[in-house]
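Chemist: Take this structure, written in structure tokens, and hold onto it; I'll ask about it next.
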Amino acid sequence: SLWGNKIGAEGAVRLAPVLGNMTQLQTLNLSYNQIGAEGAVGLAPALGNMTQLQTLYLYSNQIGDDGAAALAPALGNMTQLQMLDLNWNKIGDQGAVALAPALGKMTQLQTLSLYLNMIGDDGAVALAPALGNMTQLQELNLNLNEIGDDGAAVLAPALGNMTQLQKLNLKCNKIGDDGAAVLAPALGKMTQLQTLNLKGNKIGAEGAAALAPALGNMTQLQELDLYSNQIGAQGAAALAPALGNMTQLQMLDLLRNKIGDQGAAALAPALRMM
């Protein structure tokens, strides 16, 4: 681990030949450095030799689209990778497009984290086919990006293949009622899901009604976060029967949804069953 060492582009280039000889390395943590796009270019050939790597952390390195494009061929060689963390790296749609073919080869990946980037609907379009191949994925984190209803629509079929997924985080995107409606059938297939985070989106009463049947199938769900949407009293009433089925639920967050007295009354019988 070289986490949090202020390693910049020059340091990454100097490290690359040494790392390139570590062909049996299984875990590499370079998070919280300052590698940037130039450093990513320098590291890429070394990473390409690490075909046995199982865990790669590159959190918070200002890699950007150019750095993501430089890393993509190397990542494509990491067919044994089980965990990839590219959080907080200013990766936008172009970076997502560049990464997608490599991600599509990672059929053993169990955790993919791309939160706090700048991936929008076009990036989601590029990522969707790759995600559809990740049938072993257990955790997908796309929170704090810019994915809207169109992005949700293209992601939905891929998510529907992830029947082993246990944690799905789409917090703080731009998903509204239409996005919730297209996601619902895919979510309904995720019977193993334990955590669903849709906090800070734009889901209203119609979106809540669309989600309700899917949520009703999630009998293993332990955490459901719908904080700061636009669900209202009607949405709360639509959700109530589904919530009543969630006997394993340990955390439910409905803060800042303007549920009101009528919504609270509709929720009360379901909450008593938890």
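Letters A, B, ... go to the chains of the structure tokens in the order shown; residues in each chain start at 1; ligands are counted from 1 in the same order.
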Each residue of stretch 39-154 of chain A with at least one atom at most 7 Å from stretch 160-177 of chain A should appear once, together with its nearest atom pair and the corresponding distance in Å (one decimal); atoms considered: only C-alpha atoms; ordering: chain, then increasing residue number; output as JSON lines.
Modeler:
```
{"residue": "A:Gly132", "atom": "CA", "partner": "A:Asn161", "partner_atom": "CA", "distance": 6.0}
{"residue": "A:Met134", "atom": "CA", "partner": "A:Met162", "partner_atom": "CA", "distance": 6.9}
{"residue": "A:Thr135", "atom": "CA", "partner": "A:Met162", "partner_atom": "CA", "distance": 5.0}
{"residue": "A:Gln136", "atom": "CA", "partner": "A:Gln164", "partner_atom": "CA", "distance": 6.2}
{"residue": "A:Leu137", "atom": "CA", "partner": "A:Leu165", "partner_atom": "CA", "distance": 5.7}
{"residue": "A:Gln138", "atom": "CA", "partner": "A:Leu165", "partner_atom": "CA", "distance": 4.0}
{"residue": "A:Glu139", "atom": "CA", "partner": "A:Lys167", "partner_atom": "CA", "distance": 4.6}
{"residue": "A:Leu140", "atom": "CA", "partner": "A:Leu168", "partner_atom": "CA", "distance": 5.1}
{"residue": "A:Asn141", "atom": "CA", "partner": "A:Asn169", "partner_atom": "CA", "distance": 4.7}
{"residue": "A:Leu142", "atom": "CA", "partner": "A:Leu170", "partner_atom": "CA", "distance": 5.3}
{"residue": "A:Asn143", "atom": "CA", "partner": "A:Lys171", "partner_atom": "CA", "distance": 4.5}
{"residue": "A:Leu144", "atom": "CA", "partner": "A:Cys172", "partner_atom": "CA", "distance": 4.8}
{"residue": "A:Asn145", "atom": "CA", "partner": "A:Asn173", "partner_atom": "CA", "distance": 5.4}
{"residue": "A:Glu146", "atom": "CA", "partner": "A:Asn173", "partner_atom": "CA", "distance": 5.0}
{"residue": "A:Ile147", "atom": "CA", "partner": "A:Asn173", "partner_atom": "CA", "distance": 5.3}
{"residue": "A:Gly148", "atom": "CA", "partner": "A:Lys174", "partner_atom": "CA", "distance": 4.4}
{"residue": "A:Asp149", "atom": "CA", "partner": "A:Ile175", "partner_atom": "CA", "distance": 5.1}
```
Chemist: Produce a file of the selected residues containing N, CA and C atoms, as a CSV table (one decimal), in the first residue's frame.
Modeler:
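As a result, again-v7.csv now contains:
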```
chain,number,residue,atom,x,y,z
A,132,GLY,N,-23.2,-5.6,-18.2
A,132,GLY,CA,-24.0,-6.8,-18.5
A,132,GLY,C,-23.3,-8.1,-18.4
A,134,MET,N,-20.9,-8.7,-16.2
A,134,MET,CA,-20.4,-8.9,-14.8
A,134,MET,C,-21.5,-9.6,-14.0
A,135,THR,N,-21.7,-10.8,-14.3
A,135,THR,CA,-22.7,-11.6,-13.6
A,135,THR,C,-22.3,-12.0,-12.2
A,136,GLN,N,-21.0,-11.9,-11.9
A,136,GLN,CA,-20.6,-12.2,-10.5
A,136,GLN,C,-20.5,-11.0,-9.6
A,137,LEU,N,-20.8,-9.8,-10.1
A,137,LEU,CA,-20.7,-8.6,-9.4
A,137,LEU,C,-21.6,-8.6,-8.1
A,138,GLN,N,-21.0,-8.2,-7.0
A,138,GLN,CA,-21.8,-8.2,-5.8
A,138,GLN,C,-22.0,-6.7,-5.3
A,139,GLU,N,-21.2,-5.8,-5.7
A,139,GLU,CA,-21.3,-4.4,-5.3
A,139,GLU,C,-21.0,-3.5,-6.5
A,140,LEU,N,-22.0,-2.6,-6.8
A,140,LEU,CA,-21.8,-1.6,-7.8
A,140,LEU,C,-22.1,-0.2,-7.3
A,141,ASN,N,-21.1,0.7,-7.4
A,141,ASN,CA,-21.3,2.0,-6.8
A,141,ASN,C,-21.1,3.1,-7.9
A,142,LEU,N,-22.2,3.7,-8.2
A,142,LEU,CA,-22.2,4.8,-9.2
A,142,LEU,C,-22.7,6.1,-8.6
A,143,ASN,N,-22.6,6.2,-7.3
A,143,ASN,CA,-23.2,7.4,-6.7
A,143,ASN,C,-22.4,8.7,-7.0
A,144,LEU,N,-23.1,9.8,-6.9
A,144,LEU,CA,-22.4,11.1,-7.2
A,144,LEU,C,-21.9,11.2,-8.6
A,145,ASN,N,-22.7,10.8,-9.5
A,145,ASN,CA,-22.4,11.0,-10.9
A,145,ASN,C,-23.5,11.9,-11.5
A,146,GLU,N,-23.7,11.8,-12.8
A,146,GLU,CA,-24.7,12.7,-13.5
A,146,GLU,C,-25.6,11.9,-14.4
A,147,ILE,N,-26.0,10.7,-13.9
A,147,ILE,CA,-26.8,9.8,-14.7
A,147,ILE,C,-28.3,10.1,-14.5
A,148,GLY,N,-28.9,10.4,-15.6
A,148,GLY,CA,-30.4,10.7,-15.6
A,148,GLY,C,-31.2,9.6,-16.0
A,149,ASP,N,-32.4,9.9,-16.5
A,149,ASP,CA,-33.4,8.9,-16.9
A,149,ASP,C,-32.9,8.1,-18.1
```
Chemist: Mind checking which residues fall within 6 Å of A:Ile35, counting only C-alpha atoms, ignoring those fewer than 6 positions away in the same chain, and posting them as an NGL selection string?
Modeler: :A and (8-9 or 61)
Chemist: Please produce a file of those selected residues containing all heavy atoms, as a PDB file, in the first residue's frame.
Modeler:
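Listing of result_23.pdb after writing:
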```
ATOM      1  N   GLY A   8       3.034  12.040  -7.169  1.00  0.00           N
ATOM      2  CA  GLY A   8       2.579  12.685  -8.385  1.00  0.00           C
ATOM      3  C   GLY A   8       2.973  11.912  -9.628  1.00  0.00           C
ATOM      4  O   GLY A   8       3.382  10.750  -9.559  1.00  0.00           O
ATOM      5  N   ALA A   9       2.896  12.608 -10.759  1.00  0.00           N
ATOM      6  CA  ALA A   9       3.193  11.961 -12.032  1.00  0.00           C
ATOM      7  C   ALA A   9       4.629  11.453 -12.086  1.00  0.00           C
ATOM      8  O   ALA A   9       4.893  10.328 -12.534  1.00  0.00           O
ATOM      9  CB  ALA A   9       2.920  12.921 -13.177  1.00  0.00           C
ATOM     10  N   ASN A  61      -7.186  10.405  -7.463  1.00  0.00           N
ATOM     11  CA  ASN A  61      -5.889  10.637  -8.087  1.00  0.00           C
ATOM     12  C   ASN A  61      -5.940  11.588  -9.280  1.00  0.00           C
ATOM     13  O   ASN A  61      -4.946  11.736  -9.980  1.00  0.00           O
ATOM     14  CB  ASN A  61      -5.269   9.310  -8.527  1.00  0.00           C
ATOM     15  CG  ASN A  61      -4.383   8.704  -7.465  1.00  0.00           C
ATOM     16  OD1 ASN A  61      -3.343   9.247  -7.136  1.00  0.00           O
ATOM     17  ND2 ASN A  61      -4.817   7.591  -6.909  1.00  0.00           N
TER      18      ASN A  61
END
```
Chemist: Write down as an NGL selection string the residues of stretch 66-162 of chain A whose backbone DSSP state falls under alpha helix (DSSP H).
Modeler: :A and (66-76 or 93-103 or 121-132 or 149-160)
Chemist: Using only C-alpha atoms, which residue out of A:Ala40, A:Leu255, A:Ala126, A:Ala212 lies closest to A:Asn229?
Modeler: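 Of A:Ala40, A:Leu255, A:Ala126, A:Ala212, the one nearest A:Asn229, counting only C-alpha atoms, is A:Leu255.
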Chemist: When distances are computed from only C-alpha atoms, which of A:Val154, A:Pro241, A:Leu109, A:Lys6 shows the smallest separation from A:Leu127?
Modeler: A:Val154
Chemist: Could you jot down the atom CA of A:Gln262 to atom CA of A:Met274 separation for me, Å, one decimal place?
Modeler: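 Spanning atom CA of A:Gln262 to atom CA of A:Met274 is a straight-line distance of 19.7 Å.
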Chemist: Between A:Ala152, A:Val13, A:Met50, A:Ala240, which residue has the minimum interatomic distance to A:Met78, considering only C-alpha atoms?
Modeler: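 Nearest candidate to A:Met78 out of A:Ala152, A:Val13, A:Met50, A:Ala240: A:Met50.
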Chemist: Pick from A:Gln230, A:Gln222, A:Gln192, A:Asn5: nearest to A:Arg256, with only C-alpha atoms counted?
Modeler: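 Among the listed residues, A:Gln230 lies closest to A:Arg256.
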Chemist: Residues within 10 Å of A:Asn21, please, as an mmCIF file with N, CA, C and O atoms, in the first residue's frame. Count only C-alpha atoms; anything in the same chain fewer than 6 positions from it doesn't count.
Modeler:
```cif
data_model
loop_
_atom_site.group_PDB
_atom_site.id
_atom_site.type_symbol
_atom_site.label_atom_id
_atom_site.label_comp_id
_atom_site.auth_asym_id
_atom_site.auth_seq_id
_atom_site.Cartn_x
_atom_site.Cartn_y
_atom_site.Cartn_z
ATOM 1 N N ALA A 46 3.188 -1.012 -16.633
ATOM 2 C CA ALA A 46 3.463 -1.850 -15.467
ATOM 3 C C ALA A 46 2.207 -2.585 -15.019
ATOM 4 O O ALA A 46 2.234 -3.794 -14.736
ATOM 5 N N LEU A 47 1.094 -1.853 -14.966
ATOM 6 C CA LEU A 47 -0.163 -2.481 -14.555
ATOM 7 C C LEU A 47 -0.564 -3.585 -15.529
ATOM 8 O O LEU A 47 -1.157 -4.595 -15.130
ATOM 9 N N ASN A 49 1.244 -5.730 -16.795
ATOM 10 C CA ASN A 49 1.960 -6.980 -16.465
ATOM 11 C C ASN A 49 1.361 -7.703 -15.257
ATOM 12 O O ASN A 49 1.703 -8.860 -15.004
ATOM 13 N N MET A 50 0.515 -7.012 -14.516
ATOM 14 C CA MET A 50 -0.008 -7.565 -13.257
ATOM 15 C C MET A 50 -1.277 -8.383 -13.511
ATOM 16 O O MET A 50 -2.371 -8.041 -13.051
#
```
Chemist: Write out as an MDAnalysis selection string the residues lying within 10 Å of A:Ala205, counting only C-alpha atoms and excluding same-chain residues fewer than 4 positions away.
Modeler: chainID A and resid 177 209:211 229:239 257
Chemist: Taking into account only C-alpha atoms, which residue in the set A:Leu75, A:Ala70, A:Ala208, A:Leu103 is nearest to A:Val41?
Modeler: A:Ala70
Chemist: Can you tell me which residues surround A:Tyr32 at a distance of at most 10 Å, considering only C-alpha atoms, apart from same-chain residues fewer than 5 positions away, and format the answer as a VMD selection string?
Modeler: chain A and resid 2 to 7 57 to 62 88
Chemist: May I have the selected residues written with C-alpha atoms, as a compact mmCIF listing (two decimals), in the first residue's frame?
Modeler:
```
# COMPACT_ATOMS: atom_id res chain seq x y z
CA LEU A 2 1.22 3.47 -0.98
CA TRP A 3 -2.01 5.21 0.06
CA GLY A 4 -1.91 8.93 0.84
CA ASN A 5 1.70 9.75 -0.02
CA LYS A 6 1.38 12.74 -2.35
CA ILE A 7 2.84 10.69 -5.19
CA TYR A 57 -7.38 1.00 -5.53
CA LEU A 58 -6.81 4.25 -7.42
CA TYR A 59 -9.25 6.41 -5.42
CA SER A 60 -8.73 10.20 -5.61
CA ASN A 61 -5.89 10.64 -8.09
CA GLN A 62 -7.24 13.19 -10.59
CA TRP A 88 -13.21 10.55 -7.26
```
Chemist: To one decimal in Å, tell me the separation between atom CA of A:Asp178 and atom CA of A:Gly151.
Modeler: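 So the answer is 10.7 Å.
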Chemist: Would you compute the distance between atom CA of A:Leu84 and atom CA of A:Lys199? Give it in Å to one decimal.
Modeler: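 Between atom CA of A:Leu84 and atom CA of A:Lys199 the gap is 23.1 Å.
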Chemist: My list of candidates is A:Gln34, A:Gln26, A:Asn217, A:Ser228. Which is closest to A:Leu198 when distances are computed with only C-alpha atoms?
Modeler: A:Ser228
Chemist: Excluding A:Ala74 and residues on its chain fewer than 5 positions from it, collect all residues at most 12 Å away from it, counting only C-alpha atoms, and give them as a PyMOL selection string.
Modeler: chain A and resi 20+40-51+53+56+67-69+79+81+98-99+101-103+105-106
